[in-house]
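Q: One file: coords22.txt (compact mmCIF, C-alpha atoms).
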# COMPACT_ATOMS: atom_id res chain seq x y z
CA MET A 234 121.80 22.24 143.37
CA ALA A 235 122.06 22.78 139.61
CA TRP A 236 118.41 23.83 139.55
CA ARG A 237 118.93 26.29 142.41
CA ASN A 238 121.92 27.78 140.61
CA LEU A 239 119.76 28.43 137.58
CA ARG A 240 117.05 30.10 139.68
CA ARG A 241 119.61 32.16 141.55
CA LYS A 242 121.07 33.67 138.39
CA MET A 243 117.99 34.28 136.25
CA SER A 244 119.76 36.56 133.78
CA ARG A 245 122.30 33.85 133.04
CA THR A 246 119.57 31.21 132.76
CA VAL A 247 117.49 33.36 130.40
CA LEU A 248 120.56 33.89 128.23
CA LEU A 249 121.26 30.16 127.96
CA ALA A 250 117.61 29.22 127.51
CA GLY A 251 117.08 31.96 124.92
CA SER A 252 120.02 30.72 122.86
CA ALA A 253 118.61 27.18 122.98
CA ALA A 254 115.12 28.43 122.06
CA ILE A 255 116.38 30.21 118.94
CA THR A 256 118.39 27.17 117.91
CA ALA A 257 115.45 24.82 118.44
CA PHE A 258 113.08 27.16 116.59
CA ILE A 259 115.29 27.27 113.49
CA LEU A 260 116.02 23.54 113.64
CA PHE A 261 112.35 22.67 113.97
CA VAL A 262 111.29 24.91 111.07
CA SER A 263 114.10 23.68 108.81
CA TYR A 264 113.52 19.99 109.42
CA PHE A 265 109.74 20.46 109.32
CA PHE A 266 110.02 21.79 105.78
CA VAL A 267 112.47 19.05 104.75
CA PHE A 268 110.21 16.37 106.23
CA SER A 269 107.13 17.79 104.50
CA MET A 270 108.92 17.96 101.17
CA GLU A 271 110.22 14.42 101.51
CA ARG A 272 106.65 13.24 102.07
CA SER A 273 105.53 15.21 99.02
CA ILE A 274 108.26 13.74 96.84
CA ALA A 275 107.50 10.22 98.03
CA ALA A 276 103.86 10.80 97.21
CA SER A 277 104.59 12.33 93.82
CA ALA A 278 106.54 9.21 92.86
CA SER A 279 103.13 7.65 92.27
CA ARG A 280 100.97 10.66 91.58
CA LEU A 281 100.75 11.58 87.93
CA GLY A 282 103.82 9.38 87.56
CA ALA A 283 102.56 6.08 86.23
CA SER A 284 105.45 4.11 84.75
CA LEU A 285 103.35 3.21 81.71
CA MET A 286 99.99 4.10 80.20
CA VAL A 287 97.98 1.63 78.16
CA VAL A 288 95.47 3.15 75.72
CA PRO A 289 93.51 1.87 72.71
CA LYS A 290 95.47 1.37 69.51
CA GLY A 291 96.05 4.63 67.67
CA PHE A 292 95.59 6.88 70.72
CA GLY A 293 99.12 6.68 72.10
CA GLY A 294 99.98 10.15 70.82
CA GLN A 295 97.03 11.68 72.65
CA ALA A 296 97.96 10.06 75.96
CA GLY A 297 101.41 11.60 76.11
CA ASP A 298 101.83 13.72 79.21
CA MET A 299 98.11 13.79 79.92
CA ILE A 300 98.09 10.93 82.37
CA ILE A 301 94.94 11.99 84.15
CA SER A 302 94.18 15.21 82.36
CA GLY A 303 90.57 14.37 81.50
CA THR A 304 90.97 15.06 77.81
CA PRO A 305 87.54 15.51 76.20
CA THR A 306 88.47 13.02 73.45
CA LYS A 307 86.65 9.79 74.28
CA PHE A 308 88.21 6.46 73.49
CA TYR A 309 87.47 3.02 74.88
CA MET A 310 88.88 -0.48 75.14
CA PRO A 311 87.60 -3.66 76.82
CA GLU A 312 88.07 -3.90 80.59
CA SER A 313 89.50 -7.38 80.05
CA VAL A 314 92.75 -5.69 78.97
CA LEU A 315 93.22 -4.60 82.59
CA ASP A 316 93.07 -8.17 83.88
CA LYS A 317 95.64 -9.30 81.32
CA VAL A 318 98.04 -6.48 82.19
CA ARG A 319 97.80 -7.42 85.86
CA THR A 320 98.97 -10.95 85.08
CA ILE A 321 102.48 -9.62 84.36
CA SER A 322 104.52 -10.28 87.51
CA GLU A 323 106.61 -7.13 87.08
CA VAL A 324 103.47 -4.94 87.36
CA GLU A 325 103.08 -3.65 90.92
CA ALA A 326 99.81 -1.81 90.36
CA ALA A 327 97.40 -1.10 87.53
CA SER A 328 94.42 1.23 87.78
CA PRO A 329 91.80 2.07 85.12
CA GLN A 330 90.23 5.40 84.22
CA LEU A 331 87.31 6.19 81.97
CA TYR A 332 86.97 9.47 80.09
CA LEU A 333 83.35 10.64 80.15
CA GLU A 334 81.92 14.00 79.11
CA THR A 335 82.85 17.65 79.45
CA VAL A 336 80.10 19.30 81.48
CA SER A 337 79.15 22.90 82.18
CA THR A 338 78.56 23.25 85.91
CA VAL A 339 79.42 25.22 89.05
CA CYS A 340 81.78 23.78 91.64
CA CYS A 341 82.73 25.76 94.76
CA GLN A 342 81.33 28.94 93.20
CA THR A 343 83.55 28.35 90.16
CA SER A 344 81.66 27.95 86.89
CA GLY A 345 83.10 26.50 83.72
CA ASP A 346 83.39 23.54 81.39
CA PHE A 347 84.95 20.67 83.31
CA PRO A 348 85.98 17.29 81.87
CA VAL A 349 84.71 14.41 84.00
CA VAL A 350 86.81 11.29 84.48
CA ALA A 351 85.80 8.09 86.27
CA TYR A 352 88.43 6.26 88.31
CA ASP A 353 88.65 3.32 90.69
CA PRO A 354 89.46 4.57 94.25
CA LYS A 355 90.28 1.00 95.36
CA THR A 356 93.20 0.62 92.96
CA ASP A 357 94.12 4.26 92.35
CA PHE A 358 97.74 5.19 93.02
CA THR A 359 97.91 8.49 91.13
CA LEU A 360 95.27 10.74 92.68
CA LYS A 361 95.20 9.74 96.33
CA ASN A 362 98.76 10.72 97.16
CA TRP A 363 98.36 14.42 96.38
CA THR A 364 94.83 15.01 97.55
CA ALA A 365 94.20 17.56 100.27
CA THR A 366 93.06 15.05 102.90
CA GLU A 367 93.05 11.30 103.45
CA LYS A 368 89.30 10.71 103.38
CA GLN A 369 87.51 7.55 102.36
CA ILE A 370 85.79 7.97 99.01
CA GLY A 371 82.22 6.72 98.71
CA LYS A 372 80.33 5.77 95.59
CA TYR A 373 78.86 9.24 95.03
CA ASP A 374 81.81 11.27 96.29
CA LEU A 375 83.67 13.64 94.01
CA ILE A 376 87.31 14.75 93.71
CA ALA A 377 88.00 18.06 92.01
CA GLY A 378 91.11 19.61 90.54
CA ALA A 379 92.47 22.81 92.07
CA GLU A 380 90.90 25.15 89.51
CA ALA A 381 87.67 23.21 89.20
CA GLY A 382 87.04 23.83 92.88
CA GLY A 383 88.47 27.32 93.07
CA LYS A 384 92.17 27.93 93.73
CA ASN A 385 91.71 28.98 97.33
CA TYR A 386 89.17 26.35 98.32
CA ILE A 387 91.84 23.68 98.66
CA TYR A 388 93.64 25.66 101.34
CA HIS A 389 90.53 25.70 103.54
CA PHE A 390 89.52 22.14 102.86
CA ASP A 391 90.30 21.00 106.40
CA ASN A 392 87.31 23.03 107.62
CA GLU A 393 84.78 20.32 108.49
CA TYR A 394 81.88 22.72 108.05
CA MET A 395 82.60 23.36 104.38
CA GLN A 396 80.45 21.12 102.17
CA GLU A 397 79.80 21.32 98.48
CA TRP A 398 77.34 19.41 96.29
CA VAL A 399 77.81 19.19 92.52
CA THR A 400 75.18 17.86 90.15
CA LEU A 401 76.58 15.68 87.36
CA PHE A 402 74.55 13.64 84.88
CA GLY A 403 71.40 14.16 86.92
CA LYS A 404 72.97 12.94 90.16
CA ASP A 405 74.19 14.92 93.19
CA PHE A 406 77.80 14.26 94.18
CA MET A 407 79.46 15.37 97.42
CA LEU A 408 82.82 17.10 96.94
CA LYS A 409 84.94 14.92 99.21
CA ASN A 410 88.49 15.85 98.28
CA MET A 411 90.63 18.08 96.11
CA ILE A 412 93.92 17.79 94.25
CA PHE A 413 96.80 20.18 94.69
CA PRO A 414 97.70 22.31 91.63
CA THR A 415 99.54 20.32 88.94
CA GLY A 416 99.83 22.83 86.13
CA MET A 417 98.10 20.31 83.85
CA GLY A 418 94.59 19.58 82.67
CA THR A 419 93.99 17.75 85.94
CA ASP A 420 93.46 21.11 87.63
CA LYS A 421 90.17 21.57 85.75
CA THR A 422 88.97 17.97 85.96
CA LEU A 423 86.24 16.41 88.09
CA PHE A 424 86.73 12.79 89.15
CA ILE A 425 83.91 10.43 90.03
CA THR A 426 84.03 6.72 90.84
CA LEU A 427 83.75 4.04 88.17
CA ASP A 428 80.87 2.43 90.06
CA ALA A 429 78.88 5.66 89.92
CA ALA A 430 79.62 6.18 86.22
CA ARG A 431 78.50 2.66 85.33
CA GLU A 432 75.31 3.00 87.34
CA LEU A 433 74.43 6.25 85.54
CA ASN A 434 75.31 4.88 82.11
CA HIS A 435 72.41 4.86 79.61
CA LYS A 436 70.07 6.52 82.13
CA LYS A 437 68.08 9.52 80.88
CA ASN A 438 70.66 9.89 78.11
CA LYS A 439 73.07 11.53 80.55
CA LEU A 440 75.92 9.10 79.91
CA ASP A 441 76.55 6.81 76.98
CA PHE A 442 79.63 4.63 76.75
CA PRO A 443 80.20 0.94 75.93
CA GLU A 444 79.56 -1.51 78.74
CA ASN A 445 82.59 -2.99 80.53
CA SER A 446 84.94 -0.52 78.94
CA ILE A 447 87.76 1.73 80.12
CA SER A 448 89.80 4.46 78.47
CA ILE A 449 93.27 4.15 79.96
CA ILE A 450 95.24 1.93 82.31
CA LEU A 451 97.85 3.52 84.53
CA VAL A 452 100.59 1.01 85.25
CA LYS A 453 103.19 1.09 88.00
CA THR A 454 106.03 -1.34 87.36
CA LYS A 455 108.85 -2.60 89.52
CA PRO A 456 111.90 -0.29 89.39
CA GLY A 457 113.68 -0.44 86.05
CA MET A 458 111.16 -2.81 84.47
CA GLU A 459 109.26 -0.31 82.30
CA GLU A 460 110.76 -1.50 78.99
CA PHE A 461 110.29 -5.15 79.88
CA VAL A 462 106.64 -4.70 80.83
CA SER A 463 106.02 -2.63 77.70
CA ARG A 464 107.39 -5.43 75.53
CA GLN A 465 105.34 -7.99 77.43
CA ILE A 466 102.14 -6.04 76.75
CA ASP A 467 103.03 -5.69 73.07
CA ARG A 468 103.50 -9.46 72.81
CA MET A 469 99.99 -10.06 74.15
CA ASN A 470 98.50 -8.51 70.98
CA LEU A 471 95.86 -6.61 72.92
CA ASN A 472 95.39 -3.98 70.21
CA VAL A 473 96.69 -1.23 72.48
CA ASP A 474 99.43 1.38 72.56
CA VAL A 475 101.85 1.55 75.49
CA VAL A 476 103.14 5.01 76.42
CA LYS A 477 105.83 5.84 78.96
CA GLY A 478 104.98 8.05 81.91
CA SER A 479 105.38 11.80 81.76
CA GLY A 480 108.40 12.07 84.05
CA LEU A 481 106.67 14.56 86.33
CA GLN A 482 108.55 13.02 89.24
CA GLU A 483 111.84 14.34 87.84
CA THR A 484 110.31 17.78 87.38
CA VAL A 485 109.08 17.87 90.97
CA ASN A 486 112.46 16.72 92.25
CA LYS A 487 114.22 19.47 90.32
CA GLN A 488 111.84 22.12 91.68
CA VAL A 489 112.15 20.97 95.28
CA PHE A 490 115.90 20.13 95.30
CA PRO A 491 117.17 23.72 95.81
CA VAL A 492 114.78 24.28 98.71
CA LYS A 493 115.79 20.97 100.29
CA MET A 494 119.48 21.78 99.96
CA MET A 495 118.94 25.20 101.50
CA SER A 496 117.10 23.59 104.40
CA TYR A 497 119.87 21.06 104.97
CA MET A 498 122.48 23.81 104.79
CA MET A 499 120.43 25.83 107.25
CA ILE A 500 120.31 22.89 109.65
CA GLY A 501 124.08 22.40 109.39
CA LEU A 502 124.84 26.08 109.89
CA VAL A 503 122.46 26.31 112.86
CA LEU A 504 124.14 23.32 114.53
CA ILE A 505 127.59 24.83 114.06
CA MET A 506 126.43 28.28 115.13
CA SER A 507 124.72 26.90 118.20
CA ALA A 508 127.77 24.92 119.27
CA LEU A 509 130.09 27.92 118.86
CA GLN A 510 127.63 30.20 120.64
CA VAL A 511 127.29 27.89 123.64
CA MET A 512 131.06 27.41 123.83
CA THR A 513 131.60 31.18 123.78
CA MET A 514 128.90 31.81 126.37
CA PHE A 515 130.11 29.07 128.68
CA THR A 516 133.71 30.21 128.37
CA ALA A 517 132.64 33.65 129.57
CA LEU A 518 130.31 32.28 132.25
CA ILE A 519 132.86 29.80 133.58
CA SER A 520 135.52 32.50 133.66
CA GLU A 521 133.13 34.63 135.70
CA ARG A 522 132.44 31.74 138.07
CA GLN A 523 136.06 30.68 138.65
CA LYS A 524 135.98 31.65 142.31
CA GLU A 525 132.64 29.90 142.86
CA ILE A 526 133.97 26.72 141.26
CA GLY A 527 137.20 26.93 143.25
CA MET A 528 135.27 27.30 146.53
CA LEU A 529 133.08 24.35 145.61
CA ARG A 530 136.15 22.23 144.98
CA ALA A 531 137.80 23.43 148.18
CA MET A 532 134.71 22.36 150.16
CA GLY A 533 135.25 18.79 148.99
CA ALA A 534 133.42 18.45 145.68
CA SER A 535 135.35 16.23 143.29
CA ARG A 536 136.12 17.10 139.70
CA ALA A 537 133.47 14.63 138.52
CA VAL A 538 130.76 16.10 140.77
CA THR A 539 131.60 19.67 139.77
CA PHE A 540 131.80 18.65 136.12
CA ARG A 541 128.40 16.97 136.28
CA LEU A 542 126.87 19.93 138.12
CA LEU A 543 127.95 22.46 135.48
CA LEU A 544 126.84 20.27 132.57
CA MET A 545 123.48 19.70 134.26
CA GLU A 546 122.99 23.46 134.46
CA ALA A 547 123.64 23.72 130.72
CA GLY A 548 121.31 20.78 130.09
CA PHE A 549 118.44 22.10 132.21
CA ALA A 550 118.60 25.56 130.65
CA SER A 551 118.76 24.06 127.15
CA VAL A 552 115.80 21.74 127.74
CA ILE A 553 113.67 24.66 128.92
CA GLY A 554 114.68 26.91 126.03
CA ALA A 555 114.52 24.20 123.35
CA THR A 556 111.08 23.07 124.51
CA PHE A 557 109.78 26.62 124.28
CA GLY A 558 111.42 27.16 120.87
CA SER A 559 110.03 23.91 119.43
CA PHE A 560 106.55 24.66 120.72
CA ALA A 561 106.64 28.19 119.29
CA ALA A 562 107.83 26.89 115.89
CA ALA A 563 105.14 24.19 115.77
CA ALA A 564 102.41 26.64 116.73
CA ALA A 565 103.55 29.15 114.10
CA LEU A 566 103.75 26.56 111.32
CA TYR A 567 100.48 24.78 111.98
CA ASP A 568 98.59 28.01 112.59
CA ASN A 569 99.85 29.52 109.31
CA ARG A 570 99.90 26.40 107.15
CA ILE A 571 97.34 27.84 104.71
CA LEU A 572 99.44 30.96 104.15
CA ILE A 573 102.57 28.82 103.72
CA LEU A 574 100.90 26.62 101.09
CA GLN A 575 99.63 29.66 99.22
CA LEU A 576 103.05 31.35 99.24
CA LEU A 577 105.10 28.30 98.25
CA GLN A 578 102.59 26.88 95.74
CA LEU A 579 104.03 23.45 96.51
CA PRO A 580 101.93 20.46 97.60
CA MET A 581 103.66 20.13 100.95
CA LEU A 582 102.21 17.33 103.04
CA PHE A 583 102.43 18.62 106.59
CA PRO A 584 102.97 15.93 109.24
CA ASP A 585 100.18 15.27 111.70
CA TRP A 586 100.36 16.42 115.32
CA SER A 587 101.87 13.17 116.59
CA THR A 588 104.69 13.36 114.04
CA GLY A 589 105.13 17.05 114.83
CA LEU A 590 105.48 16.13 118.49
CA LEU A 591 108.21 13.62 117.63
CA ILE A 592 110.02 16.27 115.58
CA GLY A 593 109.78 18.64 118.54
CA LEU A 594 111.15 16.03 120.95
CA GLY A 595 113.98 15.26 118.55
CA THR A 596 114.78 18.95 118.12
CA THR A 597 114.81 19.46 121.90
CA ALA A 598 117.08 16.45 122.41
CA ILE A 599 119.53 17.54 119.70
CA THR A 600 119.65 21.12 120.96
CA THR A 601 120.29 19.94 124.53
CA LEU A 602 122.98 17.52 123.40
CA ILE A 603 124.72 20.27 121.42
CA ALA A 604 124.66 22.55 124.47
CA ILE A 605 126.13 19.86 126.75
CA VAL A 606 128.84 18.88 124.28
CA ALA A 607 129.72 22.52 123.61
CA ALA A 608 129.88 23.27 127.34
CA PHE A 609 132.09 20.23 127.92
CA PHE A 610 135.27 21.84 126.61
CA PRO A 611 135.35 25.12 128.60
CA VAL A 612 134.24 23.24 131.73
CA ARG A 613 136.95 20.63 131.34
CA SER A 614 139.57 23.33 130.80
CA THR A 615 138.54 25.12 134.00
CA LEU A 616 138.50 21.97 136.12
CA LYS A 617 142.13 21.29 135.29
CA LEU A 618 143.00 24.10 137.71
CA GLN A 619 143.61 23.35 141.36
CA PRO A 620 140.99 24.81 143.77
CA TYR A 621 143.30 27.55 145.08
CA GLU A 622 144.31 28.52 141.54
CA ALA A 623 140.66 28.81 140.51
CA ILE A 624 139.86 30.93 143.59
CA ARG A 625 142.82 33.21 142.96
CA GLU A 626 142.02 33.69 139.26
CA GLY A 627 138.37 34.31 140.08
CA GLU A 628 139.32 37.24 142.29
CA TYR A 629 140.89 39.18 139.47
How would this structure read if it were set down as structure tokens?

A:
Amino acid sequence: MAWRNLRRKMSRTVLLAGSAAITAFILFVSYFFVFSMERSIAASASRLGASLMVVPKGFGGQAGDMIISGTPTKFYMPESVLDKVRTISEVEAASPQLYLETVSTVCCQTSGDFPVVAYDPKTDFTLKNWTATEKQIGKYDLIAGAEAGGKNYIYHFDNEYMQEWVTLFGKDFMLKNMIFPTGMGTDKTLFITLDAARELNHKKNKLDFPENSISIILVKTKPGMEEFVSRQIDRMNLNVDVVKGSGLQETVNKQVFPVKMMSYMMIGLVLIMSALQVMTMFTALISERQKEIGMLRAMGASRAVTFRLLLMEAGFASVIGATFGSFAAAAALYDNRILILQLLQLPMLFPDWSTGLLIGLGTTAITTLIAIVAAFFPVRSTLKLQPYEAIREGEY
């Protein structure tokens, strides 16, 4: 009966569904951005944000904020230092990097002098969280900074037909992934695997660095244990300098915080606006249908049945409208994700389709619940009238 009422009064149904669609659209977009930013912030907690950096003695000043900048200055220390650092129980992760050479090459139609850094993809916790895709890295796969691969290439990286080969040290590497812009030297750096670098070492004079050596160790400690771990490393007398992380995480949080707050405010305002809008609309609609409701009651329908019928109408219309609004928002966001990334210049990690579907279902459910709750009050007020009173008031 509720469904037939909606079909009978299409103009009223379109009005209710349209209101729900607009609400769902705004809710979906707002939470989508908040969710994407939260993922980005969680990722940036480990990207370029090592708690500590361990470098050879005397090179602490050069490490500074250049966590993975690929500085052309080459310095080395024994790889055994890494194993000793990992023995500290307060160290959650430790990953090595090796500074190689600065090479003149062309990557993604972008020519220039690019520092090359070797890293260990198995233990890395700085690069992988802000790369464009989550692809497995093979021995001869390459990761490029945003500028090394061309600023716009990263925004089309999900195109499976785009492939790029880069020749380094006499060996062809497949460009497998890219890093979002950081504003640091990382943007112009090429990253290859440690296994590949060691295999090419001392071959055809392309690479020449000490065997079993590394340049820097990026250390992630347990929360609040940076000072303790630093002192522990100093006590080991490893002939190294320990440098605190750059604090990029705080910078990212400060940049994203205003946008997050605006999104949360938008969500709150949309919820309030939607509730008031539905209450206003239902007050007018119920007033218009006083006679109809009175006749229904006079024919034997109880208050509970009539109450349920009217709320079901609001629920059905809201589900239809909210579903359409959520679908339209998802389609618009996913279809224009490249433009959004280029405009915002933020490394937003968009959720996959399954997560987007869950966001859409949640948005639809919330929008429908708001409509039902908002309709509850005018409906309850009307049902307090006796059937004859409702019929009489509906005739005026």

Q: What gap, in Å, lies between CA of Leu360 in chain A and CA of Phe461 in chain A?

A: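 Rounded to one decimal, the two atoms are 25.3 Å apart.
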
Q: Just the number, please: distance in Å from CA of Ser448 in chain A to CA of Met407 in chain A, one decimal.

A: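 Between CA of Ser448 in chain A and CA of Met407 in chain A the gap is 24.2 Å.
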
Q: Could you give me, as JSON, numbers by chain, the residues within 10 Å of range 319-330 of chain A, counting only C-alpha atoms and dropping anything in the same chain fewer than 3 positions from it?

A: {"A": [283, 284, 285, 286, 287, 300, 301, 303, 312, 314, 315, 316, 333, 350, 351, 352, 353, 354, 355, 356, 357, 358, 359, 424, 425, 426, 427, 446, 447, 448, 449, 450, 451, 452, 453, 454, 455, 456, 457, 458, 459, 461, 462, 465, 466]}

Q: Which distance in Å separates CA of Ile259 in chain A and CA of Ile505 in chain A, to one decimal?

A: 12.6 Å

Q: Considering all atoms listed in the file, state which residue in the set A:Leu375, A:Val612, A:Leu566, A:Val475 is at the smallest distance from Arg536 in chain A.

A: A:Val612

Q: So, counting only C-alpha atoms, which residue among A:Leu260, A:Ile553, A:Met495, A:Ile573 is closest to Ser507 in chain A?

A: A:Leu260

Q: Could you check the closest approach to Leu423 in chain A for each of A:Phe347, A:Trp398, A:Phe490, A:Phe406 and tell me which residue wins, using only C-alpha atoms?

A: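 When distances to Leu423 in chain A are compared using only C-alpha atoms, the smallest one comes from A:Phe347.
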
Q: Between A:Ala379, A:Leu249, A:Met243, A:Phe261, which is the closest to Met499 in chain A once you count all atoms listed in the file?

A: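 Residue with the minimum atom-to-atom distance to Met499 in chain A: A:Phe261.
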
Q: Please check which residues have atoms at most 9 Å from (117.0, 28.5, 117.1) in the file's coordinates, counting all atoms listed in the file, and write them as a PDB file with C-alpha atoms, in the frame of the given file.

A:
ATOM      1  CA  GLY A 251     117.080  31.960 124.920  1.00  0.00           C
ATOM      2  CA  SER A 252     120.020  30.720 122.860  1.00  0.00           C
ATOM      3  CA  ALA A 253     118.610  27.180 122.980  1.00  0.00           C
ATOM      4  CA  ALA A 254     115.120  28.430 122.060  1.00  0.00           C
ATOM      5  CA  ILE A 255     116.380  30.210 118.940  1.00  0.00           C
ATOM      6  CA  THR A 256     118.390  27.170 117.910  1.00  0.00           C
ATOM      7  CA  ALA A 257     115.450  24.820 118.440  1.00  0.00           C
ATOM      8  CA  PHE A 258     113.080  27.160 116.590  1.00  0.00           C
ATOM      9  CA  ILE A 259     115.290  27.270 113.490  1.00  0.00           C
ATOM     10  CA  LEU A 260     116.020  23.540 113.640  1.00  0.00           C
ATOM     11  CA  PHE A 261     112.350  22.670 113.970  1.00  0.00           C
ATOM     12  CA  VAL A 503     122.460  26.310 112.860  1.00  0.00           C
ATOM     13  CA  SER A 507     124.720  26.900 118.200  1.00  0.00           C
ATOM     14  CA  ALA A 555     114.520  24.200 123.350  1.00  0.00           C
ATOM     15  CA  GLY A 558     111.420  27.160 120.870  1.00  0.00           C
ATOM     16  CA  SER A 559     110.030  23.910 119.430  1.00  0.00           C
ATOM     17  CA  THR A 600     119.650  21.120 120.960  1.00  0.00           C
TER      18      THR A 600
END

Q: From the list A:Gln369, A:Thr516, A:Thr556, A:Ser313, which residue is nearest Ile592 in chain A when using all atoms listed in the file?

A: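 Selected residue with least distance to Ile592 in chain A: A:Thr556.
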
Q: For Phe610 in chain A, find every residue with an atom within 12 Å (counting all atoms listed in the file), except residues of its own chain fewer than 3 positions away, and show them as a VMD selection string.

A: chain A and resid 508 to 509 511 to 516 519 540 543 to 544 603 to 607 613 to 617

Q: Could you save those same residues with C-alpha atoms as an mmCIF file, in the coordinates of the input?

A:
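So again.cif came out as:
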data_model
loop_
_atom_site.group_PDB
_atom_site.id
_atom_site.type_symbol
_atom_site.label_atom_id
_atom_site.label_comp_id
_atom_site.auth_asym_id
_atom_site.auth_seq_id
_atom_site.Cartn_x
_atom_site.Cartn_y
_atom_site.Cartn_z
ATOM 1 C CA ALA A 508 127.770 24.920 119.270
ATOM 2 C CA LEU A 509 130.090 27.920 118.860
ATOM 3 C CA VAL A 511 127.290 27.890 123.640
ATOM 4 C CA MET A 512 131.060 27.410 123.830
ATOM 5 C CA THR A 513 131.600 31.180 123.780
ATOM 6 C CA MET A 514 128.900 31.810 126.370
ATOM 7 C CA PHE A 515 130.110 29.070 128.680
ATOM 8 C CA THR A 516 133.710 30.210 128.370
ATOM 9 C CA ILE A 519 132.860 29.800 133.580
ATOM 10 C CA PHE A 540 131.800 18.650 136.120
ATOM 11 C CA LEU A 543 127.950 22.460 135.480
ATOM 12 C CA LEU A 544 126.840 20.270 132.570
ATOM 13 C CA ILE A 603 124.720 20.270 121.420
ATOM 14 C CA ALA A 604 124.660 22.550 124.470
ATOM 15 C CA ILE A 605 126.130 19.860 126.750
ATOM 16 C CA VAL A 606 128.840 18.880 124.280
ATOM 17 C CA ALA A 607 129.720 22.520 123.610
ATOM 18 C CA ARG A 613 136.950 20.630 131.340
ATOM 19 C CA SER A 614 139.570 23.330 130.800
ATOM 20 C CA THR A 615 138.540 25.120 134.000
ATOM 21 C CA LEU A 616 138.500 21.970 136.120
ATOM 22 C CA LYS A 617 142.130 21.290 135.290
#
